[in-house]
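Heads up, start00.txt below (compact mmCIF, C-alpha atoms and all ligand atoms):
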# COMPACT_ATOMS: atom_id res chain seq x y z
CA MET O 1288 0.00 0.00 0.00
CA GLN O 1289 1.62 3.23 -1.21
CA VAL O 1290 0.64 6.27 0.87
CA ALA O 1291 0.76 9.64 -0.91
CA PRO O 1292 0.83 13.15 0.60
CA GLY O 1293 -2.75 14.25 1.21
CA ASP O 1294 -4.01 10.73 1.91
CA LEU O 1295 -6.36 10.13 4.81
CA VAL O 1296 -5.16 7.00 6.57
CA SER O 1297 -6.04 4.73 9.46
CA VAL O 1298 -3.11 3.99 11.72
CA LEU O 1299 -2.92 1.02 14.06
CA HIS O 1300 0.17 0.32 16.19
CA GLU O 1301 2.09 2.93 14.19
CA LYS O 1302 1.30 1.19 10.91
CA VAL O 1303 -0.93 2.44 8.10
CA VAL O 1304 -3.68 -0.16 7.84
CA ALA O 1305 -6.06 1.61 5.45
CA ILE O 1306 -6.15 4.50 3.00
CA ALA O 1307 -9.48 6.28 2.51
CA PRO O 1308 -10.78 6.41 -1.08
CA ARG O 1309 -9.07 9.32 -2.85
CA ARG O 1310 -11.26 12.21 -3.93
CA THR O 1311 -8.68 13.36 -6.50
CA THR O 1312 -5.18 12.28 -7.49
CA LEU O 1313 -2.17 13.74 -9.25
CA ALA O 1314 -0.37 10.89 -10.96
CA ARG O 1315 2.54 10.43 -13.31
CA THR O 1316 4.11 7.54 -15.13
CA ASP O 1317 7.09 6.19 -13.25
CA PRO O 1318 10.12 7.36 -15.28
CA ALA O 1319 11.85 4.06 -14.46
CA ASN O 1320 8.89 1.84 -15.41
CA LYS O 1321 6.42 3.05 -18.04
CA HIS O 1322 3.77 0.57 -16.90
CA ARG O 1323 3.69 1.91 -13.38
CA GLU O 1324 1.73 4.88 -12.18
CA ARG O 1325 2.98 6.94 -9.26
CA ILE O 1326 0.57 8.96 -7.14
CA ILE O 1327 2.30 12.27 -6.40
CA ALA O 1328 -0.46 13.53 -4.10
CA ALA O 1329 -4.07 12.77 -3.20
CA ASN O 1330 -7.24 14.66 -2.27
CA LEU O 1331 -5.99 17.87 -3.83
CA ASP O 1332 -8.30 20.80 -4.51
CA LEU O 1333 -5.79 22.75 -6.55
CA LEU O 1334 -2.81 22.06 -8.78
CA VAL O 1335 -0.55 25.10 -8.88
CA VAL O 1336 1.69 24.70 -11.91
CA VAL O 1337 4.68 26.91 -11.17
CA ALA O 1338 6.74 28.13 -14.12
CA SER O 1339 9.21 30.86 -14.99
CA ILE O 1340 9.77 32.66 -18.27
CA ASP O 1341 13.55 32.90 -18.05
CA ASP O 1342 15.91 30.85 -15.92
CA PRO O 1343 14.73 28.13 -16.41
CA PRO O 1344 13.06 28.93 -19.74
CA PHE O 1345 9.31 28.54 -20.10
CA ARG O 1346 8.25 25.06 -21.21
CA PRO O 1347 4.65 25.15 -22.49
CA GLY O 1348 4.65 21.41 -23.23
CA LEU O 1349 5.35 20.64 -19.59
CA VAL O 1350 2.48 22.89 -18.48
CA ASP O 1351 0.20 21.11 -20.98
CA ARG O 1352 1.07 17.74 -19.51
CA TYR O 1353 0.37 18.93 -15.97
CA LEU O 1354 -3.00 20.29 -17.09
CA VAL O 1355 -3.88 16.95 -18.61
CA ALA O 1356 -2.91 15.23 -15.36
CA ALA O 1357 -5.12 17.70 -13.45
CA ALA O 1358 -8.09 16.97 -15.70
CA LYS O 1359 -7.47 13.23 -15.42
CA GLY O 1360 -7.26 13.41 -11.64
CA GLY O 1361 -10.21 15.77 -11.10
CA ILE O 1362 -8.10 18.67 -9.80
CA GLU O 1363 -8.64 22.34 -10.58
CA PRO O 1364 -5.47 23.84 -12.11
CA ILE O 1365 -3.98 27.33 -11.91
CA LEU O 1366 -0.75 28.63 -13.39
CA CYS O 1367 1.73 30.62 -11.31
CA ILE O 1368 4.36 32.46 -13.33
CA ASN O 1369 7.10 33.09 -10.79
CA LYS O 1370 10.28 35.17 -11.13
CA ALA O 1371 8.16 38.01 -12.51
CA ASP O 1372 10.99 40.34 -11.49
CA LEU O 1373 13.05 38.88 -14.35
CA SER O 1374 10.56 39.27 -17.23
CA ALA O 1375 8.41 41.92 -18.89
CA PRO O 1376 4.71 41.81 -17.94
CA GLU O 1377 3.71 41.48 -21.62
CA GLN O 1378 5.97 38.46 -22.02
CA ILE O 1379 4.41 36.83 -18.96
CA ALA O 1380 0.86 37.54 -20.12
CA ALA O 1381 1.61 36.15 -23.59
CA ALA O 1382 2.99 32.91 -22.13
CA ALA O 1383 0.20 32.46 -19.57
CA SER O 1384 -2.84 33.35 -21.66
CA ARG O 1385 -2.57 30.37 -24.01
CA PHE O 1386 -3.71 27.86 -21.38
CA ALA O 1387 -7.30 29.00 -20.76
CA ILE O 1388 -6.94 28.62 -16.98
CA PRO O 1389 -6.63 31.20 -14.19
CA TRP O 1390 -3.07 32.45 -13.73
CA VAL O 1391 -1.12 34.68 -11.37
CA ARG O 1392 2.14 36.51 -11.78
CA CYS O 1393 4.38 36.32 -8.77
CA SER O 1394 7.86 37.06 -7.50
CA THR O 1395 9.21 35.73 -4.26
CA LYS O 1396 11.97 38.33 -4.54
CA THR O 1397 9.67 41.39 -4.62
CA GLY O 1398 6.59 39.81 -2.99
CA ASP O 1399 4.53 40.67 -6.07
CA GLY O 1400 1.49 38.38 -6.41
CA VAL O 1401 2.10 36.42 -3.21
CA GLU O 1402 -1.05 37.78 -1.52
CA GLN O 1403 -3.15 36.94 -4.57
CA LEU O 1404 -1.81 33.40 -4.54
CA ARG O 1405 -2.47 33.13 -0.82
CA GLN O 1406 -6.12 34.04 -1.38
CA LEU O 1407 -6.49 31.45 -4.14
CA LEU O 1408 -5.13 28.75 -1.83
CA ALA O 1409 -7.07 29.69 1.30
CA GLY O 1410 -8.86 26.72 2.82
CA LYS O 1411 -7.64 24.35 0.12
CA LEU O 1412 -5.21 21.50 -0.26
CA ALA O 1413 -2.87 22.57 -3.05
CA VAL O 1414 0.21 21.10 -4.65
CA LEU O 1415 3.06 23.09 -6.15
CA ALA O 1416 4.42 21.35 -9.23
CA GLY O 1417 6.70 22.35 -12.06
CA HIS O 1418 10.18 22.25 -13.48
CA SER O 1419 13.14 22.18 -11.18
CA GLY O 1420 14.38 25.66 -10.27
CA VAL O 1421 11.23 27.66 -11.06
CA GLY O 1422 10.85 28.58 -7.39
CA LYS O 1423 8.29 26.16 -5.93
CA SER O 1424 9.97 25.95 -2.54
CA SER O 1425 10.50 29.72 -2.53
CA VAL O 1426 6.79 30.22 -3.25
CA LEU O 1427 5.90 27.92 -0.35
CA ASN O 1428 8.16 29.90 1.98
CA ALA O 1429 6.67 33.17 0.76
CA LEU O 1430 3.15 31.84 1.37
CA ALA O 1431 4.08 30.55 4.80
CA GLY O 1432 5.75 33.76 5.96
CA ALA O 1433 5.94 33.68 9.75
CA ALA O 1434 3.65 30.66 10.09
CA ILE O 1435 6.24 28.15 8.95
CA ALA O 1436 8.91 29.58 11.26
CA ARG O 1437 6.54 28.87 14.16
CA ILE O 1438 6.36 25.15 13.39
CA GLY O 1439 10.09 24.66 13.63
CA GLY O 1440 11.64 26.72 10.90
CA VAL O 1441 12.68 25.64 7.46
CA SER O 1442 16.33 26.47 7.10
CA GLU O 1443 18.21 26.86 3.82
CA GLY O 1444 19.88 23.60 4.67
CA SER O 1445 16.78 21.50 5.06
CA GLN O 1446 15.26 23.08 1.94
CA ARG O 1447 18.24 21.92 -0.01
CA GLY O 1448 17.97 18.51 1.58
CA ARG O 1449 14.39 18.23 0.43
CA HIS O 1450 15.43 18.66 -3.21
CA THR O 1451 17.59 15.60 -3.04
CA THR O 1452 14.76 13.40 -1.77
CA THR O 1453 12.15 11.84 -4.01
CA THR O 1454 9.22 12.53 -1.72
CA SER O 1455 6.88 15.49 -1.36
CA SER O 1456 5.99 17.19 1.90
CA LEU O 1457 2.82 18.79 3.18
CA VAL O 1458 2.85 22.08 5.07
CA ASP O 1459 -0.19 23.27 7.03
CA LEU O 1460 -0.66 27.04 6.67
CA GLY O 1461 -3.76 27.15 8.90
CA ASP O 1462 -6.50 29.31 7.39
CA ASN O 1463 -4.28 29.83 4.34
CA GLY O 1464 -4.67 26.20 3.40
CA ARG O 1465 -2.34 23.24 3.16
CA VAL O 1466 0.39 23.12 0.54
CA ILE O 1467 2.41 20.21 -0.80
CA ASP O 1468 5.82 21.05 -2.23
CA THR O 1469 7.10 18.52 -4.76
CA PRO O 1470 10.68 17.71 -5.64
CA GLY O 1471 12.11 19.26 -8.78
CA ILE O 1472 11.52 17.32 -11.95
CA ARG O 1473 12.73 17.71 -15.50
CA SER O 1474 10.02 15.77 -17.25
CA PHE O 1475 6.47 14.83 -16.43
CA ASP O 1476 4.45 12.16 -18.18
CA PRO O 1477 0.75 12.02 -17.29
CA GLY O 1478 0.52 8.54 -18.83
CA GLN O 1479 -1.45 7.17 -21.76
CA LEU O 1480 -4.35 9.46 -22.64
CA THR O 1481 -7.77 8.86 -24.07
CA LEU O 1482 -9.50 11.35 -26.33
CA ASP O 1483 -12.04 11.99 -23.56
CA GLU O 1484 -9.27 12.84 -21.11
CA LEU O 1485 -7.70 15.19 -23.62
CA ARG O 1486 -11.09 16.83 -24.22
CA ALA O 1487 -11.53 17.30 -20.47
CA ALA O 1488 -8.23 19.20 -20.37
CA PHE O 1489 -9.33 21.48 -23.24
CA PRO O 1490 -12.86 22.62 -22.35
CA ASP O 1491 -12.40 25.56 -24.74
CA PHE O 1492 -12.07 23.06 -27.61
CA ASN O 1493 -15.44 21.45 -26.84
CA THR O 1494 -17.64 24.21 -28.19
CA GLY O 1495 -19.41 22.03 -30.72
CA THR O 1496 -18.99 24.52 -33.55
CA CYS O 1497 -17.05 22.15 -35.82
CA ARG O 1498 -18.90 20.42 -38.68
CA PHE O 1499 -18.64 17.05 -36.92
CA ALA O 1500 -19.83 16.81 -33.33
CA ASP O 1501 -16.99 14.39 -32.50
CA CYS O 1502 -14.31 16.41 -34.33
CA THR O 1503 -10.80 15.70 -33.05
CA HIS O 1504 -9.54 18.98 -34.57
CA ARG O 1505 -6.75 17.20 -36.42
CA ALA O 1506 -7.70 16.78 -40.06
CA GLU O 1507 -11.48 17.06 -40.27
CA PRO O 1508 -13.02 19.59 -42.69
CA ASP O 1509 -14.69 22.73 -41.30
CA CYS O 1510 -12.97 22.47 -37.95
CA ALA O 1511 -13.53 25.55 -35.80
CA HIS O 1512 -10.37 25.08 -33.75
CA ARG O 1513 -7.68 24.24 -36.26
CA ASP O 1514 -5.32 27.22 -36.38
CA GLU O 1515 -1.73 26.43 -37.24
CA SER O 1516 -0.59 29.81 -35.89
CA SER O 1517 -2.14 29.36 -32.43
CA PRO O 1518 0.07 28.12 -29.57
CA ARG O 1519 -3.03 26.65 -27.97
CA TYR O 1520 -3.68 24.58 -31.07
CA ALA O 1521 -0.04 23.46 -31.05
CA SER O 1522 -0.62 22.19 -27.51
CA TRP O 1523 -3.64 20.21 -28.64
CA MET O 1524 -1.80 18.66 -31.57
CA ARG O 1525 1.23 17.74 -29.47
CA LEU O 1526 -0.94 15.85 -27.00
CA ALA O 1527 -3.31 14.42 -29.62
CA ALA O 1528 -0.31 12.92 -31.43
CA GLY O 1529 0.16 10.52 -28.50
CA LEU O 1530 -3.40 9.12 -28.64
N1 LIG B 1 14.74 36.29 -9.49
C1 LIG B 1 14.01 35.44 -8.80
N2 LIG B 1 14.56 34.28 -8.34
C2 LIG B 1 13.77 33.43 -7.64
C3 LIG B 1 12.40 33.68 -7.39
N3 LIG B 1 11.89 32.64 -6.70
C4 LIG B 1 12.91 31.77 -6.52
N4 LIG B 1 14.05 32.22 -7.07
C5 LIG B 1 15.37 31.56 -7.11
O1 LIG B 1 15.29 30.41 -7.95
C6 LIG B 1 16.11 29.37 -7.44
C7 LIG B 1 15.31 28.09 -7.30
O2 LIG B 1 14.34 28.27 -6.31
P1 LIG B 1 13.63 27.04 -5.58
O3 LIG B 1 12.55 27.58 -4.71
O4 LIG B 1 14.63 26.16 -4.96
O5 LIG B 1 12.99 26.27 -6.86
P2 LIG B 1 12.27 24.83 -6.94
O6 LIG B 1 13.28 23.89 -7.47
O7 LIG B 1 11.15 25.01 -7.92
O8 LIG B 1 11.78 24.50 -5.58
C8 LIG B 1 16.69 29.86 -6.13
O9 LIG B 1 17.99 30.35 -6.38
C9 LIG B 1 15.76 31.00 -5.74
O10 LIG B 1 16.40 31.98 -4.97
C10 LIG B 1 11.85 34.91 -7.89
O11 LIG B 1 10.67 35.23 -7.73
N5 LIG B 1 12.70 35.74 -8.59
MG MG B 2 12.03 22.85 -4.38
ZN ZN B 3 -12.68 20.55 -34.85

As structure tokens, please, write out the structure in this file.
Amino acid sequence: MQVAPGDLVSVLHEKVVAIAPRRTTLARTDPANKHRERIIAANLDLLVVVASIDDPPFRPGLVDRYLVAAAKGGIEPILCINKADLSAPEQIAAAASRFAIPWVRCSTKTGDGVEQLRQLLAGKLAVLAGHSGVGKSSVLNALAGAAIARIGGVSEGSQRGRHTTTTSSLVDLGDNGRVIDTPGIRSFDPGQLTLDELRAAFPDFNTGTCRFADCTHRAEPDCAHRDESSPRYASWMRLAAGL
């Protein structure tokens, strides 16, 4: 029995004897074994995909794959563009607006956007996910402010230690919600997709204005969504290619 952060468990004699049915899950394919699914976290309300524009460079394909995983697992996604102090606002808006989900701009260096993020997370169980180095742990510290120092303090040292582990950790921010920080990753594979799962991740592509009601927006005539110049359409095609 594999317990994931966010699980509700029964403990008997210091052993986990049962895991409650999971309301939602964030899962990925095990990079070491393609046939195995790993549950990153359970019972999440919110998936916060953290990204940066520069350093590390923005990777729209990675965001797409997280959004598919969110749709598959029943989790509401938002996008947090961190390191806003390093990029022009127009550049950030252009990168974020292609995903058709709520997004916030934030900088843990200037504090910009941290309060907005805090309000979005209030009362929820959220996970911070994204490419290594985008600032997930920094965002968690910014959200925690004084609260985390009260529960023992997270030093630079232990933060660094956490990166080297393969597990995630859950931090309780009281009224501001509970947040799971995940280790840095370089790739994320949400696993084999079905067309229905892909459709769930692209509600804006389900408008029913194509000639065929079941249009897959790939090669059908009179498709309302095919637009070779649109980054959003490029996202669709990249994921649809794996069906
Ligand atoms: N300029 C800038 N650097 C940041 C910001 N947030 C985090 N960093 C830096 O980015 C690096 C990686 O941050 P970290 O939180 O460890 O990223 P993680 O791997 O996603 O957890 C560190 O050197 C941070 O100081 C930010 O808002 N602006
Ligand atoms: Mg980290
Ligand atoms: Zn279509």

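Residue nearest O:Ser1425, chosen from O:Asp1468, O:Glu1402, O:Asp1351, O:Asp1462 and counting all atoms listed in the file: O:Asp1468.
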
query = What separation in Å, quoted to one decimal, exists between atom CA of O:Ala1380 and atom CA of O:Ile1340?
reply = 10.3 Å

task = Identify, counting all atoms listed in the file, the protein, DNA and RNA residues located within 7 Å of ligand MG 2 (chain B), and give them as a PyMOL selection string.
result = chain O and resi 1419-1420+1422-1424+1450+1468-1471

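With only C-alpha atoms as the atoms that count, the residue of O:Leu1485, O:Val1296, O:Ile1472, O:Leu1530 with the shortest distance to O:Pro1318 is O:Ile1472.
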
Å distance separating atom CA of O:Pro1343 from atom CA of O:Ala1357, one decimal place =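 Result for atom CA of O:Pro1343 versus atom CA of O:Ala1357: 22.6 Å, one decimal.
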
ask   = Would you name the residues within 10 Å of ligand LIG 1 (chain B), counting all atoms listed in the file, and put them as JSON, numbers by chain?
value = {"O": [1337, 1338, 1339, 1341, 1342, 1343, 1368, 1369, 1370, 1371, 1372, 1373, 1374, 1392, 1393, 1394, 1395, 1396, 1397, 1398, 1399, 1400, 1401, 1415, 1416, 1417, 1418, 1419, 1420, 1421, 1422, 1423, 1424, 1425, 1426, 1427, 1428, 1429, 1443, 1446, 1447, 1449, 1450, 1468, 1469, 1470, 1471, 1472]}

Could you save those same residues with C-alpha atoms as a compact mmCIF listing (two decimals), in the coordinates of the input?
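selection-v3.txt was written with the following content:
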# COMPACT_ATOMS: atom_id res chain seq x y z
CA VAL O 1337 4.68 26.91 -11.17
CA ALA O 1338 6.74 28.13 -14.12
CA SER O 1339 9.21 30.86 -14.99
CA ASP O 1341 13.55 32.90 -18.05
CA ASP O 1342 15.91 30.85 -15.92
CA PRO O 1343 14.73 28.13 -16.41
CA ILE O 1368 4.36 32.46 -13.33
CA ASN O 1369 7.10 33.09 -10.79
CA LYS O 1370 10.28 35.17 -11.13
CA ALA O 1371 8.16 38.01 -12.51
CA ASP O 1372 10.99 40.34 -11.49
CA LEU O 1373 13.05 38.88 -14.35
CA SER O 1374 10.56 39.27 -17.23
CA ARG O 1392 2.14 36.51 -11.78
CA CYS O 1393 4.38 36.32 -8.77
CA SER O 1394 7.86 37.06 -7.50
CA THR O 1395 9.21 35.73 -4.26
CA LYS O 1396 11.97 38.33 -4.54
CA THR O 1397 9.67 41.39 -4.62
CA GLY O 1398 6.59 39.81 -2.99
CA ASP O 1399 4.53 40.67 -6.07
CA GLY O 1400 1.49 38.38 -6.41
CA VAL O 1401 2.10 36.42 -3.21
CA LEU O 1415 3.06 23.09 -6.15
CA ALA O 1416 4.42 21.35 -9.23
CA GLY O 1417 6.70 22.35 -12.06
CA HIS O 1418 10.18 22.25 -13.48
CA SER O 1419 13.14 22.18 -11.18
CA GLY O 1420 14.38 25.66 -10.27
CA VAL O 1421 11.23 27.66 -11.06
CA GLY O 1422 10.85 28.58 -7.39
CA LYS O 1423 8.29 26.16 -5.93
CA SER O 1424 9.97 25.95 -2.54
CA SER O 1425 10.50 29.72 -2.53
CA VAL O 1426 6.79 30.22 -3.25
CA LEU O 1427 5.90 27.92 -0.35
CA ASN O 1428 8.16 29.90 1.98
CA ALA O 1429 6.67 33.17 0.76
CA GLU O 1443 18.21 26.86 3.82
CA GLN O 1446 15.26 23.08 1.94
CA ARG O 1447 18.24 21.92 -0.01
CA ARG O 1449 14.39 18.23 0.43
CA HIS O 1450 15.43 18.66 -3.21
CA ASP O 1468 5.82 21.05 -2.23
CA THR O 1469 7.10 18.52 -4.76
CA PRO O 1470 10.68 17.71 -5.64
CA GLY O 1471 12.11 19.26 -8.78
CA ILE O 1472 11.52 17.32 -11.95

inquiry  = Applying 10 Å and all atoms listed in the file, which residues near O:Asp1476 remain after dropping the ones on its own chain fewer than 6 positions away? List them as a list in words.
reply    =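 That gives Ala1314, Arg1315, Thr1316, Asp1317, Pro1318, Lys1321, Glu1324, Leu1349, Arg1352, Tyr1353, Val1355 and Ala1356 of chain O.
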
Closest of O:Met1288, O:Ala1506, O:Ala1383, O:Leu1526 to ligand ZN 3 (chain B) - atom-to-atom distances counting all atoms listed in the file =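 Nearest candidate to ligand ZN 3 (chain B) out of O:Met1288, O:Ala1506, O:Ala1383, O:Leu1526: O:Ala1506.
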
request  = List all protein, DNA and RNA residues that have any atom at most 6 Å from ligand ZN 3 (chain B), counting only C-alpha atoms and all ligand atoms, and write the list as a ChimeraX atom specification.
outcome  = /O:1497,1502-1504,1510-1512

message = Give me, as a list in words, all polymer residues having an atom no more than 6 Å from stretch 1361-1363 of chain O, counting all atoms listed in the file and skipping those fewer than 2 positions away in the same chain.
response = Thr1311, Asp1332, Leu1333, Ala1357, Ala1358 and Lys1359 of chain O

ask   = What does the distance between atom CA of O:Val1466 and atom CA of O:Ile1388 come to in Å, to one decimal place?
value = 19.8 Å

Within 9 Å of O:Leu1457, counting only C-alpha atoms, which residues show up once you throw out same-chain ones fewer than 6 positions away? Write them as an mmCIF file with C-alpha atoms, in the frame of the given file, please.
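Heads up, here's the output in out18.cif:
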data_model
loop_
_atom_site.group_PDB
_atom_site.id
_atom_site.type_symbol
_atom_site.label_atom_id
_atom_site.label_comp_id
_atom_site.auth_asym_id
_atom_site.auth_seq_id
_atom_site.Cartn_x
_atom_site.Cartn_y
_atom_site.Cartn_z
ATOM 1 C CA PRO O 1292 0.830 13.150 0.600
ATOM 2 C CA GLY O 1293 -2.750 14.250 1.210
ATOM 3 C CA VAL O 1414 0.210 21.100 -4.650
ATOM 4 C CA ARG O 1465 -2.340 23.240 3.160
ATOM 5 C CA VAL O 1466 0.390 23.120 0.540
ATOM 6 C CA ILE O 1467 2.410 20.210 -0.800
ATOM 7 C CA ASP O 1468 5.820 21.050 -2.230
#
